[in-house]
>>> print(open('start-v2.cif').read())   # mmCIF, C-alpha atoms; chains and numbers go by the auth columns
data_run
#
loop_
_atom_site.group_PDB
_atom_site.id
_atom_site.type_symbol
_atom_site.label_atom_id
_atom_site.label_comp_id
_atom_site.label_asym_id
_atom_site.label_seq_id
_atom_site.Cartn_x
_atom_site.Cartn_y
_atom_site.Cartn_z
_atom_site.B_iso_or_equiv
_atom_site.auth_seq_id
_atom_site.auth_asym_id
ATOM 1 C CA MET A 1 -34.016 -72.429 -3.671 0.00 1 A
ATOM 2 C CA HIS A 2 -31.296 -70.060 -2.552 0.00 2 A
ATOM 3 C CA ALA A 3 -30.874 -66.839 -4.488 0.00 3 A
ATOM 4 C CA LEU A 4 -27.803 -66.391 -6.612 0.00 4 A
ATOM 5 C CA ARG A 5 -25.896 -63.540 -4.983 0.00 5 A
ATOM 6 C CA LEU A 6 -23.956 -61.236 -7.292 0.00 6 A
ATOM 7 C CA GLU A 7 -21.569 -58.476 -6.290 0.00 7 A
ATOM 8 C CA ASN A 8 -22.911 -55.988 -8.847 0.00 8 A
ATOM 9 C CA PRO A 9 -24.976 -55.919 -12.071 0.00 9 A
ATOM 10 C CA GLN A 10 -21.853 -56.405 -14.202 0.00 10 A
ATOM 11 C CA SER A 11 -21.523 -59.826 -12.534 0.00 11 A
ATOM 12 C CA LEU A 12 -24.451 -60.932 -14.699 0.00 12 A
ATOM 13 C CA SER A 13 -22.223 -61.057 -17.800 0.00 13 A
ATOM 14 C CA PRO A 14 -21.217 -64.766 -17.485 0.00 14 A
ATOM 15 C CA PHE A 15 -24.934 -65.657 -17.725 0.00 15 A
ATOM 16 C CA ILE A 16 -25.533 -64.100 -21.175 0.00 16 A
ATOM 17 C CA GLY A 17 -27.182 -66.750 -23.325 0.00 17 A
ATOM 18 C CA LYS A 18 -27.676 -69.087 -20.350 0.00 18 A
ATOM 19 C CA GLU A 19 -30.376 -70.061 -17.937 0.00 19 A
ATOM 20 C CA ILE A 20 -29.902 -68.574 -14.486 0.00 20 A
ATOM 21 C CA GLY A 21 -32.288 -71.031 -12.858 0.00 21 A
ATOM 22 C CA ALA A 22 -35.817 -71.885 -11.806 0.00 22 A
ATOM 23 C CA THR A 23 -37.669 -70.617 -8.747 0.00 23 A
ATOM 24 C CA ASP A 24 -39.562 -72.626 -6.185 0.00 24 A
ATOM 25 C CA TRP A 25 -43.207 -73.414 -6.877 0.00 25 A
ATOM 26 C CA PHE A 26 -45.693 -70.673 -5.969 0.00 26 A
ATOM 27 C CA GLN A 27 -49.398 -71.364 -5.400 0.00 27 A
ATOM 28 C CA VAL A 28 -51.865 -69.024 -7.097 0.00 28 A
ATOM 29 C CA THR A 29 -54.841 -69.011 -4.740 0.00 29 A
ATOM 30 C CA GLN A 30 -58.374 -67.875 -5.439 0.00 30 A
ATOM 31 C CA GLN A 31 -57.905 -65.210 -2.775 0.00 31 A
ATOM 32 C CA ARG A 32 -54.904 -63.772 -4.667 0.00 32 A
ATOM 33 C CA ILE A 33 -56.909 -63.813 -7.919 0.00 33 A
ATOM 34 C CA GLU A 34 -59.757 -61.921 -6.248 0.00 34 A
ATOM 35 C CA GLN A 35 -57.346 -59.389 -4.728 0.00 35 A
ATOM 36 C CA PHE A 36 -55.849 -58.806 -8.167 0.00 36 A
ATOM 37 C CA ALA A 37 -59.354 -58.418 -9.628 0.00 37 A
ATOM 38 C CA GLU A 38 -60.102 -55.729 -7.050 0.00 38 A
ATOM 39 C CA ALA A 39 -56.803 -53.931 -7.574 0.00 39 A
ATOM 40 C CA THR A 40 -57.187 -53.835 -11.367 0.00 40 A
ATOM 41 C CA GLU A 41 -60.973 -53.494 -11.635 0.00 41 A
ATOM 42 C CA ASP A 42 -60.975 -56.660 -13.791 0.00 42 A
ATOM 43 C CA ARG A 43 -63.724 -58.732 -12.206 0.00 43 A
ATOM 44 C CA GLN A 44 -64.603 -60.873 -15.230 0.00 44 A
ATOM 45 C CA TRP A 45 -66.529 -63.960 -14.101 0.00 45 A
ATOM 46 C CA ILE A 46 -63.866 -66.361 -15.381 0.00 46 A
ATOM 47 C CA HIS A 47 -61.622 -65.030 -12.586 0.00 47 A
ATOM 48 C CA THR A 48 -64.078 -64.419 -9.754 0.00 48 A
ATOM 49 C CA ASP A 49 -67.232 -66.562 -10.070 0.00 49 A
ATOM 50 C CA ARG A 50 -66.269 -70.100 -9.053 0.00 50 A
ATOM 51 C CA GLU A 51 -69.720 -71.578 -9.602 0.00 51 A
ATOM 52 C CA ARG A 52 -70.175 -70.139 -13.094 0.00 52 A
ATOM 53 C CA ALA A 53 -66.582 -70.953 -14.061 0.00 53 A
ATOM 54 C CA SER A 54 -67.033 -74.575 -12.987 0.00 54 A
ATOM 55 C CA LYS A 55 -70.028 -74.859 -15.351 0.00 55 A
ATOM 56 C CA GLU A 56 -69.205 -72.561 -18.279 0.00 56 A
ATOM 57 C CA SER A 57 -65.453 -72.141 -18.431 0.00 57 A
ATOM 58 C CA PRO A 58 -63.437 -74.425 -20.707 0.00 58 A
ATOM 59 C CA TYR A 59 -60.989 -74.718 -17.782 0.00 59 A
ATOM 60 C CA GLY A 60 -63.568 -76.057 -15.306 0.00 60 A
ATOM 61 C CA SER A 61 -62.607 -73.510 -12.669 0.00 61 A
ATOM 62 C CA THR A 62 -61.639 -69.899 -12.223 0.00 62 A
ATOM 63 C CA ILE A 63 -58.312 -68.845 -13.691 0.00 63 A
ATOM 64 C CA ALA A 64 -55.719 -66.219 -12.846 0.00 64 A
ATOM 65 C CA HIS A 65 -55.501 -63.070 -14.922 0.00 65 A
ATOM 66 C CA GLY A 66 -52.638 -63.227 -17.400 0.00 66 A
ATOM 67 C CA PHE A 67 -51.427 -59.934 -15.974 0.00 67 A
ATOM 68 C CA LEU A 68 -51.434 -61.440 -12.466 0.00 68 A
ATOM 69 C CA THR A 69 -49.114 -64.174 -13.681 0.00 69 A
ATOM 70 C CA LEU A 70 -46.932 -61.555 -15.366 0.00 70 A
ATOM 71 C CA SER A 71 -46.896 -59.307 -12.291 0.00 71 A
ATOM 72 C CA LEU A 72 -45.273 -62.067 -10.255 0.00 72 A
ATOM 73 C CA LEU A 73 -42.034 -61.640 -12.245 0.00 73 A
ATOM 74 C CA SER A 74 -40.649 -59.176 -9.692 0.00 74 A
ATOM 75 C CA ASN A 75 -41.191 -61.704 -6.923 0.00 75 A
ATOM 76 C CA PHE A 76 -39.662 -64.519 -8.949 0.00 76 A
ATOM 77 C CA ILE A 77 -36.501 -62.631 -9.919 0.00 77 A
ATOM 78 C CA LYS A 78 -36.006 -61.520 -6.312 0.00 78 A
ATOM 79 C CA GLU A 79 -36.175 -65.169 -5.259 0.00 79 A
ATOM 80 C CA LEU A 80 -33.692 -66.246 -7.921 0.00 80 A
ATOM 81 C CA LEU A 81 -31.219 -63.373 -8.104 0.00 81 A
ATOM 82 C CA GLN A 82 -29.888 -60.818 -5.631 0.00 82 A
ATOM 83 C CA ILE A 83 -27.485 -58.091 -6.682 0.00 83 A
ATOM 84 C CA GLU A 84 -25.799 -56.958 -3.496 0.00 84 A
ATOM 85 C CA GLY A 85 -24.081 -53.757 -4.574 0.00 85 A
ATOM 86 C CA GLY A 86 -23.451 -51.240 -7.299 0.00 86 A
ATOM 87 C CA VAL A 87 -27.144 -50.519 -7.862 0.00 87 A
ATOM 88 C CA ARG A 88 -28.722 -47.211 -6.909 0.00 88 A
ATOM 89 C CA LEU A 89 -32.038 -48.116 -8.486 0.00 89 A
ATOM 90 C CA ALA A 90 -33.476 -51.051 -10.448 0.00 90 A
ATOM 91 C CA VAL A 91 -36.334 -50.252 -12.824 0.00 91 A
ATOM 92 C CA ASN A 92 -38.771 -52.436 -14.724 0.00 92 A
ATOM 93 C CA TYR A 93 -38.092 -50.973 -18.178 0.00 93 A
ATOM 94 C CA GLY A 94 -40.589 -53.065 -20.117 0.00 94 A
ATOM 95 C CA LEU A 95 -41.450 -56.300 -21.834 0.00 95 A
ATOM 96 C CA ASN A 96 -41.084 -57.846 -25.275 0.00 96 A
ATOM 97 C CA ARG A 97 -43.008 -60.698 -26.847 0.00 97 A
ATOM 98 C CA VAL A 98 -45.364 -61.505 -23.966 0.00 98 A
ATOM 99 C CA ARG A 99 -47.654 -64.474 -24.537 0.00 99 A
ATOM 100 C CA PHE A 100 -50.001 -66.523 -22.320 0.00 100 A
ATOM 101 C CA PRO A 101 -50.098 -69.997 -23.949 0.00 101 A
ATOM 102 C CA ALA A 102 -51.965 -71.746 -21.108 0.00 102 A
ATOM 103 C CA ALA A 103 -54.270 -70.663 -18.298 0.00 103 A
ATOM 104 C CA VAL A 104 -53.384 -70.802 -14.603 0.00 104 A
ATOM 105 C CA ARG A 105 -56.272 -72.413 -12.743 0.00 105 A
ATOM 106 C CA ALA A 106 -56.994 -71.239 -9.198 0.00 106 A
ATOM 107 C CA GLY A 107 -54.986 -73.359 -6.782 0.00 107 A
ATOM 108 C CA SER A 108 -52.282 -74.170 -9.351 0.00 108 A
ATOM 109 C CA ARG A 109 -48.600 -73.927 -8.618 0.00 109 A
ATOM 110 C CA ILE A 110 -46.358 -71.979 -10.960 0.00 110 A
ATOM 111 C CA ARG A 111 -42.669 -71.203 -11.119 0.00 111 A
ATOM 112 C CA ALA A 112 -40.380 -69.093 -13.274 0.00 112 A
ATOM 113 C CA ARG A 113 -37.486 -70.312 -15.349 0.00 113 A
ATOM 114 C CA ILE A 114 -35.236 -67.315 -16.042 0.00 114 A
ATOM 115 C CA GLY A 115 -32.314 -66.825 -18.389 0.00 115 A
ATOM 116 C CA LEU A 116 -30.287 -63.830 -19.490 0.00 116 A
ATOM 117 C CA LEU A 117 -30.536 -62.884 -23.150 0.00 117 A
ATOM 118 C CA THR A 118 -28.503 -59.674 -23.318 0.00 118 A
ATOM 119 C CA LEU A 119 -26.727 -56.991 -21.325 0.00 119 A
ATOM 120 C CA LYS A 120 -26.475 -53.488 -22.739 0.00 120 A
ATOM 121 C CA GLU A 121 -24.304 -50.785 -21.208 0.00 121 A
ATOM 122 C CA PHE A 122 -25.353 -47.165 -20.845 0.00 122 A
ATOM 123 C CA PRO A 123 -23.361 -44.316 -19.219 0.00 123 A
ATOM 124 C CA GLU A 124 -25.227 -44.625 -15.910 0.00 124 A
ATOM 125 C CA ALA A 125 -26.992 -47.985 -16.222 0.00 125 A
ATOM 126 C CA LEU A 126 -26.836 -51.582 -17.315 0.00 126 A
ATOM 127 C CA GLU A 127 -29.857 -52.991 -19.127 0.00 127 A
ATOM 128 C CA ALA A 128 -30.561 -56.705 -18.750 0.00 128 A
ATOM 129 C CA THR A 129 -33.026 -58.543 -20.963 0.00 129 A
ATOM 130 C CA PHE A 130 -34.222 -61.719 -19.276 0.00 130 A
ATOM 131 C CA SER A 131 -36.044 -64.622 -20.897 0.00 131 A
ATOM 132 C CA VAL A 132 -38.852 -65.753 -18.642 0.00 132 A
ATOM 133 C CA THR A 133 -40.970 -68.873 -18.871 0.00 133 A
ATOM 134 C CA ILE A 134 -43.686 -69.358 -16.267 0.00 134 A
ATOM 135 C CA GLU A 135 -44.320 -73.065 -15.886 0.00 135 A
ATOM 136 C CA ASN A 136 -47.524 -74.510 -14.473 0.00 136 A
ATOM 137 C CA GLU A 137 -47.012 -77.690 -12.467 0.00 137 A
ATOM 138 C CA GLY A 138 -48.386 -80.666 -14.383 0.00 138 A
ATOM 139 C CA SER A 139 -48.870 -78.782 -17.668 0.00 139 A
ATOM 140 C CA ASP A 140 -46.980 -79.351 -20.892 0.00 140 A
ATOM 141 C CA LYS A 141 -47.498 -75.732 -21.958 0.00 141 A
ATOM 142 C CA PRO A 142 -46.078 -72.684 -20.208 0.00 142 A
ATOM 143 C CA SER A 143 -48.494 -70.188 -18.704 0.00 143 A
ATOM 144 C CA CYS A 144 -46.452 -67.174 -19.779 0.00 144 A
ATOM 145 C CA VAL A 145 -43.397 -66.522 -21.902 0.00 145 A
ATOM 146 C CA ALA A 146 -41.800 -63.104 -22.110 0.00 146 A
ATOM 147 C CA GLU A 147 -38.664 -61.074 -22.489 0.00 147 A
ATOM 148 C CA TRP A 148 -38.323 -58.757 -19.508 0.00 148 A
ATOM 149 C CA ILE A 149 -36.095 -55.693 -19.546 0.00 149 A
ATOM 150 C CA VAL A 150 -34.649 -54.400 -16.283 0.00 150 A
ATOM 151 C CA ARG A 151 -32.382 -51.367 -15.991 0.00 151 A
ATOM 152 C CA TYR A 152 -29.899 -51.244 -13.156 0.00 152 A
ATOM 153 C CA TYR A 153 -28.830 -47.640 -12.483 0.00 153 A
ATOM 154 C CA PHE A 154 -25.472 -47.016 -10.783 0.00 154 A
#
>>> encode(input="start-v2.cif", output="structure tokens")
Amino acid sequence: MHALRLENPQSLSPFIGKEIGATDWFQVTQQRIEQFAEATEDRQWIHTDRERASKESPYGSTIAHGFLTLSLLSNFIKELLQIEGGVRLAVNYGLNRVRFPAAVRAGSRIRARIGLLTLKEFPEALEATFSVTIENEGSDKPSCVAEWIVRYYF
């Protein structure tokens, strides 16, 4: 997938209420899950103990942390959308309505489907609220749904 290249953040306006696109598939490896566990001090067995997870987990394997899935949003938006000018600083301003309807098993492939809900103007910034659905290849349910707010400062 080639990134959509926009001249400036204001060039997002035609996408209000529309899907921008879907990213390429991204594999969530056990190694990445373990690195995330180390970085966040969340070493719960369902994420890190393959043997126990294969026997006791309802998923039959280890799974990614929900917050790992969520943290990949920055990577996904960078893959899908590049604003080439008019931005001094882009800031993750926050999230609304985050849910994790289905687990991401180790080795699964996920991708993001991103749309633009709103644009709000401020004196020195433009605030974009994106709808994000993280799909898990082969699953009927999304792994994450969220509204993500990004502020683009001029």
>>> axis_aligned_box(input="start-v2.cif", around="range 111-122 of chain A", padding_each_side="6 Å", output="JSON")
{"center_x": -33.5, "center_y": -59.2, "center_z": -17.2, "size_x": 30.4, "size_y": 36.0, "size_z": 24.2}
>>> residues_around(input="start-v2.cif", residues="Glu84 in chain A", least_positions_apart="2", cutoff="8 Å", atoms="only C-alpha atoms", output="count of residues only")
7
>>> resolve_selection(input="start-v2.cif", expression="the PyMOL selection byres ((chain A and resi 135) around 9)", output="list in words")
Arg109, Ile110, Arg111, Ala112, Arg113, Thr133, Ile134, Asn136, Glu137, Gly138, Ser139, Asp140, Lys141, Pro142, Ser143, Cys144 and Val145 of chain A
>>> atom_distance(input="start-v2.cif", atom1="CA of Val28 in chain A", atom2="CA of His65 in chain A")
10.5 Å
>>> closest_residue(input="start-v2.cif", among="A:Leu73, A:Ala102, A:Phe26, A:Ala64", to="Trp45 in chain A", atoms="only C-alpha atoms")
A:Ala64
>>> resolve_selection(input="start-v2.cif", expression="the PyMOL selection byres ((chain A and resi 122) around 12)", output="list in words")
Gln10, Leu119, Lys120, Glu121, Pro123, Glu124, Ala125, Leu126, Glu127, Ala128, Arg151, Tyr152, Tyr153 and Phe154 of chain A
>>> closest_residue(input="start-v2.cif", among="A:Leu116, A:Ala90, A:Ala39, A:Ala53", to="Lys78 in chain A", atoms="all atoms listed in the file")
A:Ala90
>>> closest_residue(input="start-v2.cif", among="A:Ile63, A:Ala103, A:Leu68, A:Ile16", to="Phe36 in chain A", atoms="only C-alpha atoms")
A:Leu68
>>> resolve_selection(input="start-v2.cif", expression="the PyMOL selection byres ((chain A and resi 92-98) around 7)", output="short mmCIF file (atom, residue, chain, number, x, y, z; two decimals) with C-alpha atoms, keeping the file's coordinate frame")
data_model
loop_
_atom_site.label_atom_id
_atom_site.label_comp_id
_atom_site.auth_asym_id
_atom_site.auth_seq_id
_atom_site.Cartn_x
_atom_site.Cartn_y
_atom_site.Cartn_z
CA ALA A 90 -33.48 -51.05 -10.45
CA VAL A 91 -36.33 -50.25 -12.82
CA ARG A 99 -47.65 -64.47 -24.54
CA VAL A 145 -43.40 -66.52 -21.90
CA ALA A 146 -41.80 -63.10 -22.11
CA GLU A 147 -38.66 -61.07 -22.49
CA TRP A 148 -38.32 -58.76 -19.51
CA ILE A 149 -36.10 -55.69 -19.55
CA VAL A 150 -34.65 -54.40 -16.28
CA ARG A 151 -32.38 -51.37 -15.99
#
>>> atom_distance(input="start-v2.cif", atom1="CA of Ala3 in chain A", atom2="CA of Leu81 in chain A")
5.0 Å
>>> atom_distance(input="start-v2.cif", atom1="CA of Val104 in chain A", atom2="CA of Gly21 in chain A")
21.2 Å
>>> closest_residue(input="start-v2.cif", among="A:His2, A:Ser131, A:Gly66, A:Lys55", to="Asp24 in chain A", atoms="all atoms listed in the file")
A:His2
